[in-house]
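Visitor: What follows is work_32.cif; its format and atoms are mmCIF, C-alpha atoms; chains and numbers go by the auth columns.
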data_protein
loop_
_atom_site.group_PDB
_atom_site.id
_atom_site.type_symbol
_atom_site.label_atom_id
_atom_site.label_comp_id
_atom_site.label_asym_id
_atom_site.label_seq_id
_atom_site.Cartn_x
_atom_site.Cartn_y
_atom_site.Cartn_z
_atom_site.B_iso_or_equiv
_atom_site.auth_seq_id
_atom_site.auth_asym_id
ATOM 1 C CA MET A 1 113.680 83.628 114.806 0.00 6 A
ATOM 2 C CA SER A 2 111.881 86.787 115.896 0.00 7 A
ATOM 3 C CA LEU A 3 112.385 90.238 114.476 0.00 8 A
ATOM 4 C CA GLU A 4 114.147 92.894 116.456 0.00 9 A
ATOM 5 C CA VAL A 5 111.898 95.466 118.115 0.00 10 A
ATOM 6 C CA ASP A 6 112.693 98.220 115.628 0.00 11 A
ATOM 7 C CA ALA A 7 111.648 96.295 112.487 0.00 12 A
ATOM 8 C CA ARG A 8 108.609 97.846 110.846 0.00 13 A
ATOM 9 C CA VAL A 9 106.701 97.925 107.580 0.00 14 A
ATOM 10 C CA ARG A 10 105.781 101.265 106.070 0.00 15 A
ATOM 11 C CA PRO A 11 104.702 102.643 102.703 0.00 16 A
ATOM 12 C CA ALA A 12 107.686 103.254 100.428 0.00 17 A
ATOM 13 C CA VAL A 13 108.849 106.790 99.729 0.00 18 A
ATOM 14 C CA LEU A 14 110.758 107.961 96.679 0.00 19 A
ATOM 15 C CA GLY A 15 113.935 108.052 98.773 0.00 20 A
ATOM 16 C CA ASP A 16 113.720 104.230 99.121 0.00 21 A
ATOM 17 C CA ALA A 17 114.327 103.723 95.387 0.00 22 A
ATOM 18 C CA GLU A 18 118.060 103.025 95.659 0.00 23 A
ATOM 19 C CA SER A 19 117.673 100.531 98.525 0.00 24 A
ATOM 20 C CA ILE A 20 114.940 98.695 96.610 0.00 25 A
ATOM 21 C CA TRP A 21 117.122 98.740 93.476 0.00 26 A
ATOM 22 C CA THR A 22 120.014 97.206 95.440 0.00 27 A
ATOM 23 C CA ILE A 23 117.833 94.345 96.704 0.00 28 A
ATOM 24 C CA ARG A 24 116.243 93.872 93.257 0.00 29 A
ATOM 25 C CA ASN A 25 119.663 93.491 91.610 0.00 30 A
ATOM 26 C CA GLN A 26 121.050 90.928 94.054 0.00 31 A
ATOM 27 C CA PRO A 27 121.817 87.658 92.218 0.00 32 A
ATOM 28 C CA GLN A 28 119.370 85.584 94.294 0.00 33 A
ATOM 29 C CA THR A 29 116.543 88.086 93.772 0.00 34 A
ATOM 30 C CA ARG A 30 117.159 88.171 90.014 0.00 35 A
ATOM 31 C CA ALA A 31 117.322 84.365 89.834 0.00 36 A
ATOM 32 C CA ASN A 32 113.856 84.133 91.419 0.00 37 A
ATOM 33 C CA SER A 33 112.370 86.880 89.258 0.00 38 A
ATOM 34 C CA PHE A 34 110.670 86.432 85.900 0.00 39 A
ATOM 35 C CA SER A 35 112.807 89.379 84.746 0.00 40 A
ATOM 36 C CA GLU A 36 116.377 88.350 85.581 0.00 41 A
ATOM 37 C CA GLU A 37 118.381 91.136 83.946 0.00 42 A
ATOM 38 C CA THR A 38 120.325 93.709 85.942 0.00 43 A
ATOM 39 C CA ILE A 39 118.661 97.113 85.961 0.00 44 A
ATOM 40 C CA GLU A 40 120.544 100.422 85.896 0.00 45 A
ATOM 41 C CA LEU A 41 119.877 102.736 88.857 0.00 46 A
ATOM 42 C CA LYS A 42 118.727 105.692 86.732 0.00 47 A
ATOM 43 C CA ASP A 43 116.244 103.458 84.897 0.00 48 A
ATOM 44 C CA HIS A 44 114.955 102.005 88.162 0.00 49 A
ATOM 45 C CA VAL A 45 114.496 105.417 89.801 0.00 50 A
ATOM 46 C CA ALA A 46 112.535 106.707 86.789 0.00 51 A
ATOM 47 C CA TRP A 47 110.353 103.569 86.715 0.00 52 A
ATOM 48 C CA PHE A 48 109.828 103.563 90.510 0.00 53 A
ATOM 49 C CA SER A 49 108.887 107.241 90.548 0.00 54 A
ATOM 50 C CA LYS A 50 106.352 106.810 87.766 0.00 55 A
ATOM 51 C CA LYS A 51 104.934 103.461 88.935 0.00 56 A
ATOM 52 C CA TYR A 52 104.395 104.288 92.613 0.00 57 A
ATOM 53 C CA PHE A 53 104.143 108.058 92.784 0.00 58 A
ATOM 54 C CA ALA A 54 102.649 109.201 89.466 0.00 59 A
ATOM 55 C CA GLU A 55 100.396 106.331 88.368 0.00 60 A
ATOM 56 C CA ALA A 56 97.251 105.648 90.319 0.00 61 A
ATOM 57 C CA ASP A 57 96.665 102.626 92.500 0.00 62 A
ATOM 58 C CA ASN A 58 100.011 100.812 92.620 0.00 63 A
ATOM 59 C CA HIS A 59 101.454 100.313 96.101 0.00 64 A
ATOM 60 C CA CYS A 60 104.891 99.571 97.523 0.00 65 A
ATOM 61 C CA PHE A 61 105.814 98.826 101.140 0.00 66 A
ATOM 62 C CA VAL A 62 109.253 98.452 102.678 0.00 67 A
ATOM 63 C CA LEU A 63 110.557 96.520 105.652 0.00 68 A
ATOM 64 C CA VAL A 64 112.888 98.718 107.644 0.00 69 A
ATOM 65 C CA GLN A 65 115.310 97.476 110.318 0.00 70 A
ATOM 66 C CA GLY A 66 116.643 100.488 112.192 0.00 71 A
ATOM 67 C CA SER A 67 117.092 102.943 109.338 0.00 72 A
ATOM 68 C CA LYS A 68 117.924 100.347 106.666 0.00 73 A
ATOM 69 C CA VAL A 69 115.463 99.023 104.063 0.00 74 A
ATOM 70 C CA ILE A 70 115.857 95.239 104.089 0.00 75 A
ATOM 71 C CA GLY A 71 112.900 94.213 101.954 0.00 76 A
ATOM 72 C CA TYR A 72 109.964 95.357 99.886 0.00 77 A
ATOM 73 C CA THR A 73 106.566 94.272 98.610 0.00 78 A
ATOM 74 C CA ARG A 74 104.854 95.673 95.532 0.00 79 A
ATOM 75 C CA PHE A 75 101.153 95.536 94.703 0.00 80 A
ATOM 76 C CA ASP A 76 100.706 96.315 91.006 0.00 81 A
ATOM 77 C CA LYS A 77 97.210 96.782 89.621 0.00 82 A
ATOM 78 C CA LYS A 78 96.443 94.265 86.873 0.00 83 A
ATOM 79 C CA ASP A 79 92.681 94.614 86.485 0.00 84 A
ATOM 80 C CA GLU A 80 89.691 96.018 88.341 0.00 85 A
ATOM 81 C CA ASN A 81 90.425 95.208 92.021 0.00 86 A
ATOM 82 C CA ILE A 82 93.102 92.606 91.086 0.00 87 A
ATOM 83 C CA TYR A 83 96.705 93.233 92.121 0.00 88 A
ATOM 84 C CA GLU A 84 99.868 91.195 91.613 0.00 89 A
ATOM 85 C CA VAL A 85 102.199 91.076 94.606 0.00 90 A
ATOM 86 C CA SER A 86 105.992 90.808 94.441 0.00 91 A
ATOM 87 C CA ILE A 87 108.327 90.494 97.401 0.00 92 A
ATOM 88 C CA ALA A 88 112.081 90.566 97.919 0.00 93 A
ATOM 89 C CA ILE A 89 114.249 90.483 101.029 0.00 94 A
ATOM 90 C CA ASP A 90 117.923 91.441 101.223 0.00 95 A
ATOM 91 C CA ALA A 91 119.882 88.186 100.781 0.00 96 A
ATOM 92 C CA ALA A 92 121.732 88.804 104.063 0.00 97 A
ATOM 93 C CA GLU A 93 118.362 88.641 105.865 0.00 98 A
ATOM 94 C CA HIS A 94 117.049 85.370 104.396 0.00 99 A
ATOM 95 C CA GLY A 95 115.964 82.669 106.830 0.00 100 A
ATOM 96 C CA ARG A 96 115.119 85.074 109.666 0.00 101 A
ATOM 97 C CA GLY A 97 111.340 85.364 109.278 0.00 102 A
ATOM 98 C CA ARG A 98 111.590 88.701 107.504 0.00 103 A
ATOM 99 C CA GLY A 99 109.586 87.619 104.452 0.00 104 A
ATOM 100 C CA SER A 100 106.538 86.374 106.335 0.00 105 A
ATOM 101 C CA PHE A 101 106.542 89.432 108.600 0.00 106 A
ATOM 102 C CA LEU A 102 106.762 91.783 105.604 0.00 107 A
ATOM 103 C CA LEU A 103 104.152 89.941 103.539 0.00 108 A
ATOM 104 C CA LYS A 104 101.624 89.654 106.391 0.00 109 A
ATOM 105 C CA GLU A 105 102.018 93.296 107.433 0.00 110 A
ATOM 106 C CA SER A 106 101.886 94.707 103.912 0.00 111 A
ATOM 107 C CA VAL A 107 98.865 92.585 102.934 0.00 112 A
ATOM 108 C CA GLN A 108 97.067 93.812 106.050 0.00 113 A
ATOM 109 C CA SER A 109 97.911 97.443 105.217 0.00 114 A
ATOM 110 C CA PHE A 110 96.918 96.925 101.598 0.00 115 A
ATOM 111 C CA PHE A 111 93.524 95.469 102.513 0.00 116 A
ATOM 112 C CA SER A 112 92.806 98.264 104.960 0.00 117 A
ATOM 113 C CA ALA A 113 92.354 100.507 101.899 0.00 118 A
ATOM 114 C CA GLY A 114 89.478 98.390 100.537 0.00 119 A
ATOM 115 C CA SER A 115 88.342 95.042 99.180 0.00 120 A
ATOM 116 C CA ARG A 116 90.832 93.667 96.680 0.00 121 A
ATOM 117 C CA LYS A 117 92.063 90.386 95.280 0.00 122 A
ATOM 118 C CA ILE A 118 95.799 89.675 95.306 0.00 123 A
ATOM 119 C CA ILE A 119 97.572 87.215 93.043 0.00 124 A
ATOM 120 C CA ALA A 120 101.167 86.026 93.210 0.00 125 A
ATOM 121 C CA LYS A 121 103.123 84.413 90.395 0.00 126 A
ATOM 122 C CA ILE A 122 105.993 82.261 91.606 0.00 127 A
ATOM 123 C CA LYS A 123 108.599 80.365 89.596 0.00 128 A
ATOM 124 C CA ARG A 124 108.279 76.619 90.145 0.00 129 A
ATOM 125 C CA THR A 125 111.945 76.542 91.148 0.00 130 A
ATOM 126 C CA ASN A 126 111.361 79.095 93.936 0.00 131 A
ATOM 127 C CA ILE A 127 110.173 76.709 96.649 0.00 132 A
ATOM 128 C CA ALA A 128 111.020 79.143 99.468 0.00 133 A
ATOM 129 C CA SER A 129 108.597 81.734 98.036 0.00 134 A
ATOM 130 C CA LEU A 130 105.918 79.099 97.487 0.00 135 A
ATOM 131 C CA LYS A 131 106.152 78.098 101.162 0.00 136 A
ATOM 132 C CA LEU A 132 106.191 81.759 102.258 0.00 137 A
ATOM 133 C CA PHE A 133 103.010 82.597 100.354 0.00 138 A
ATOM 134 C CA GLU A 134 101.261 79.432 101.596 0.00 139 A
ATOM 135 C CA LYS A 135 102.237 80.315 105.181 0.00 140 A
ATOM 136 C CA CYS A 136 100.692 83.755 104.685 0.00 141 A
ATOM 137 C CA GLY A 137 97.334 82.440 103.450 0.00 142 A
ATOM 138 C CA PHE A 138 97.772 82.286 99.676 0.00 143 A
ATOM 139 C CA LYS A 139 96.391 79.273 97.825 0.00 144 A
ATOM 140 C CA ILE A 140 97.510 77.781 94.512 0.00 145 A
ATOM 141 C CA ASN A 141 94.953 78.635 91.852 0.00 146 A
ATOM 142 C CA ARG A 142 96.795 77.538 88.681 0.00 147 A
ATOM 143 C CA GLU A 143 99.999 75.756 87.772 0.00 148 A
ATOM 144 C CA SER A 144 102.100 75.613 84.630 0.00 149 A
ATOM 145 C CA GLU A 145 105.509 74.182 83.817 0.00 150 A
ATOM 146 C CA ALA A 146 107.062 77.563 84.664 0.00 151 A
ATOM 147 C CA MET A 147 105.082 78.847 87.648 0.00 152 A
ATOM 148 C CA PHE A 148 102.459 78.674 90.340 0.00 153 A
ATOM 149 C CA GLU A 149 99.743 81.312 90.426 0.00 154 A
ATOM 150 C CA MET A 150 98.348 81.885 93.903 0.00 155 A
ATOM 151 C CA ASP A 151 95.367 83.876 95.176 0.00 156 A
ATOM 152 C CA PHE A 152 94.721 85.741 98.373 0.00 157 A
ATOM 153 C CA SER A 153 91.451 87.343 99.261 0.00 158 A
ATOM 154 C CA PRO A 154 89.715 87.786 102.584 0.00 159 A
ATOM 155 C CA TYR A 155 86.894 85.831 100.946 0.00 160 A
ATOM 156 C CA LEU A 156 89.170 82.878 100.136 0.00 161 A
ATOM 157 C CA ASN A 157 90.543 82.312 103.634 0.00 162 A
#
Written as structure tokens, that's how I'd like the structure from this file.
Guide:
Amino acid sequence: MSLEVDARVRPAVLGDAESIWTIRNQPQTRANSFSEETIELKDHVAWFSKKYFAEADNHCFVLVQGSKVIGYTRFDKKDENIYEVSIAIDAAEHGRGRGSFLLKESVQSFFSAGSRKIIAKIKRTNIASLKLFEKCGFKINRESEAMFEMDFSPYLN
């Protein structure tokens, strides 16, 4: 299914914190996360503000439909030029192509800022995310009983 004309990906702003928090705390998002606990809004806002607006070189993008944030991607610096990506889509929007649109657009925007390697860590039980990342050009690099680790780099594809 195609996205409506007014869907777009943009860098997150501090005002997006509550929408991102809402998506992050949805039961399906938490079940697919390595950190499954519910997070309090005040704690999330403080973390989000520090992580994406005070610390250097972490990036967050949001998928906006009309004026509503319906998904986000995060690129968190792990090492020199290595970033871990996380993605979540509002549960009401699953199965509509939102995830692949958001991931492709945010990866493209992220790479426009320079040469970087992106990794994704996906729970083995999260087959939908595994398929999403494969569709968007990520390749399995390592496997364990708990997860797949995938790589994306313009040099790998």
Visitor: Mind giving me the straight-line distance from CA of Asn131 (chain A) to CA of Tyr57 (chain A) in Å, one decimal?
Guide: 26.2 Å
Visitor: Output the residue selection produced by the PyMOL selection byres ((chain A and resi 70) around 12) on the file above, formatted as a PyMOL selection string.
Guide: chain A and resi 8-15+67-69+71-77+94-95+98+103+107
Visitor: Can you write just those residues out, C-alpha atoms, as a CSV table (one decimal), in the frame of the given file?
Guide:
chain,number,residue,atom,x,y,z
A,8,LEU,CA,112.4,90.2,114.5
A,9,GLU,CA,114.1,92.9,116.5
A,10,VAL,CA,111.9,95.5,118.1
A,11,ASP,CA,112.7,98.2,115.6
A,12,ALA,CA,111.6,96.3,112.5
A,13,ARG,CA,108.6,97.8,110.8
A,14,VAL,CA,106.7,97.9,107.6
A,15,ARG,CA,105.8,101.3,106.1
A,67,VAL,CA,109.3,98.5,102.7
A,68,LEU,CA,110.6,96.5,105.7
A,69,VAL,CA,112.9,98.7,107.6
A,71,GLY,CA,116.6,100.5,112.2
A,72,SER,CA,117.1,102.9,109.3
A,73,LYS,CA,117.9,100.3,106.7
A,74,VAL,CA,115.5,99.0,104.1
A,75,ILE,CA,115.9,95.2,104.1
A,76,GLY,CA,112.9,94.2,102.0
A,77,TYR,CA,110.0,95.4,99.9
A,94,ILE,CA,114.2,90.5,101.0
A,95,ASP,CA,117.9,91.4,101.2
A,98,GLU,CA,118.4,88.6,105.9
A,103,ARG,CA,111.6,88.7,107.5
A,107,LEU,CA,106.8,91.8,105.6
Visitor: Kindly indicate which residue among A:Ser24, A:Phe106, A:Met152, A:Ala125 lies nearest to Arg79 (chain A), using only C-alpha atoms for the distances.
Guide: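 The shortest atom-to-atom distance to Arg79 (chain A) comes from A:Ala125.
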Visitor: Take the PyMOL selection byres ((chain A and resi 96) around 12), run it mentally on this structure, and tell me the resulting residues as a count of residues only.
Guide: 23
Visitor: Run through the PyMOL selection byres ((chain A and resi 83) around 12) on the given coordinates and return the selected residues as a ChimeraX atom specification.
Guide: /A:61-63,80-82,84-90,121-125
Visitor: A:Leu19, A:Cys141, A:Ala51, A:Ala151: which is nearest Phe39 (chain A), counting all atoms listed in the file?
Guide: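 The answer is A:Ala151, which sits nearest to Phe39 (chain A).
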Visitor: Taking all atoms of region 17-26 of chain A that the file lists and extending 8 Å past them on each side, where is the centre of the axis-aligned box and how long are its edges? Answer in Å to one decimal, as JSON.
Guide:
{"center_x": 112.9, "center_y": 103.4, "center_z": 97.0, "size_x": 26.4, "size_y": 25.4, "size_z": 23.0}
Visitor: Which value, in Å to one decimal, gives the distance between CA of Lys136 (chain A) and CA of Phe53 (chain A)?
Guide: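 For CA of Lys136 (chain A) relative to CA of Phe53 (chain A), the distance reads 27.8 Å.
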Visitor: Quick one: residues within 12 Å of region 142-147 of chain A, all atoms listed in the file, excluding same-chain residues fewer than 3 positions away - as a ChimeraX atom specification?
Guide: /A:90,105,108-109,112-113,122-127,129,134-139,150-162
Visitor: Kindly give the distance, in Å, that separates CA of Ile25 (chain A) and CA of Ser54 (chain A), rounded to a single decimal.
Guide: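 About the pair CA of Ile25 (chain A) and CA of Ser54 (chain A): they are 12.1 Å apart.
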Visitor: Go through A:Thr78, A:Thr130, A:Ser114, A:Ser40 and flag the residue nearest Cys65 (chain A), using only C-alpha atoms for the distances.
Guide: A:Thr78
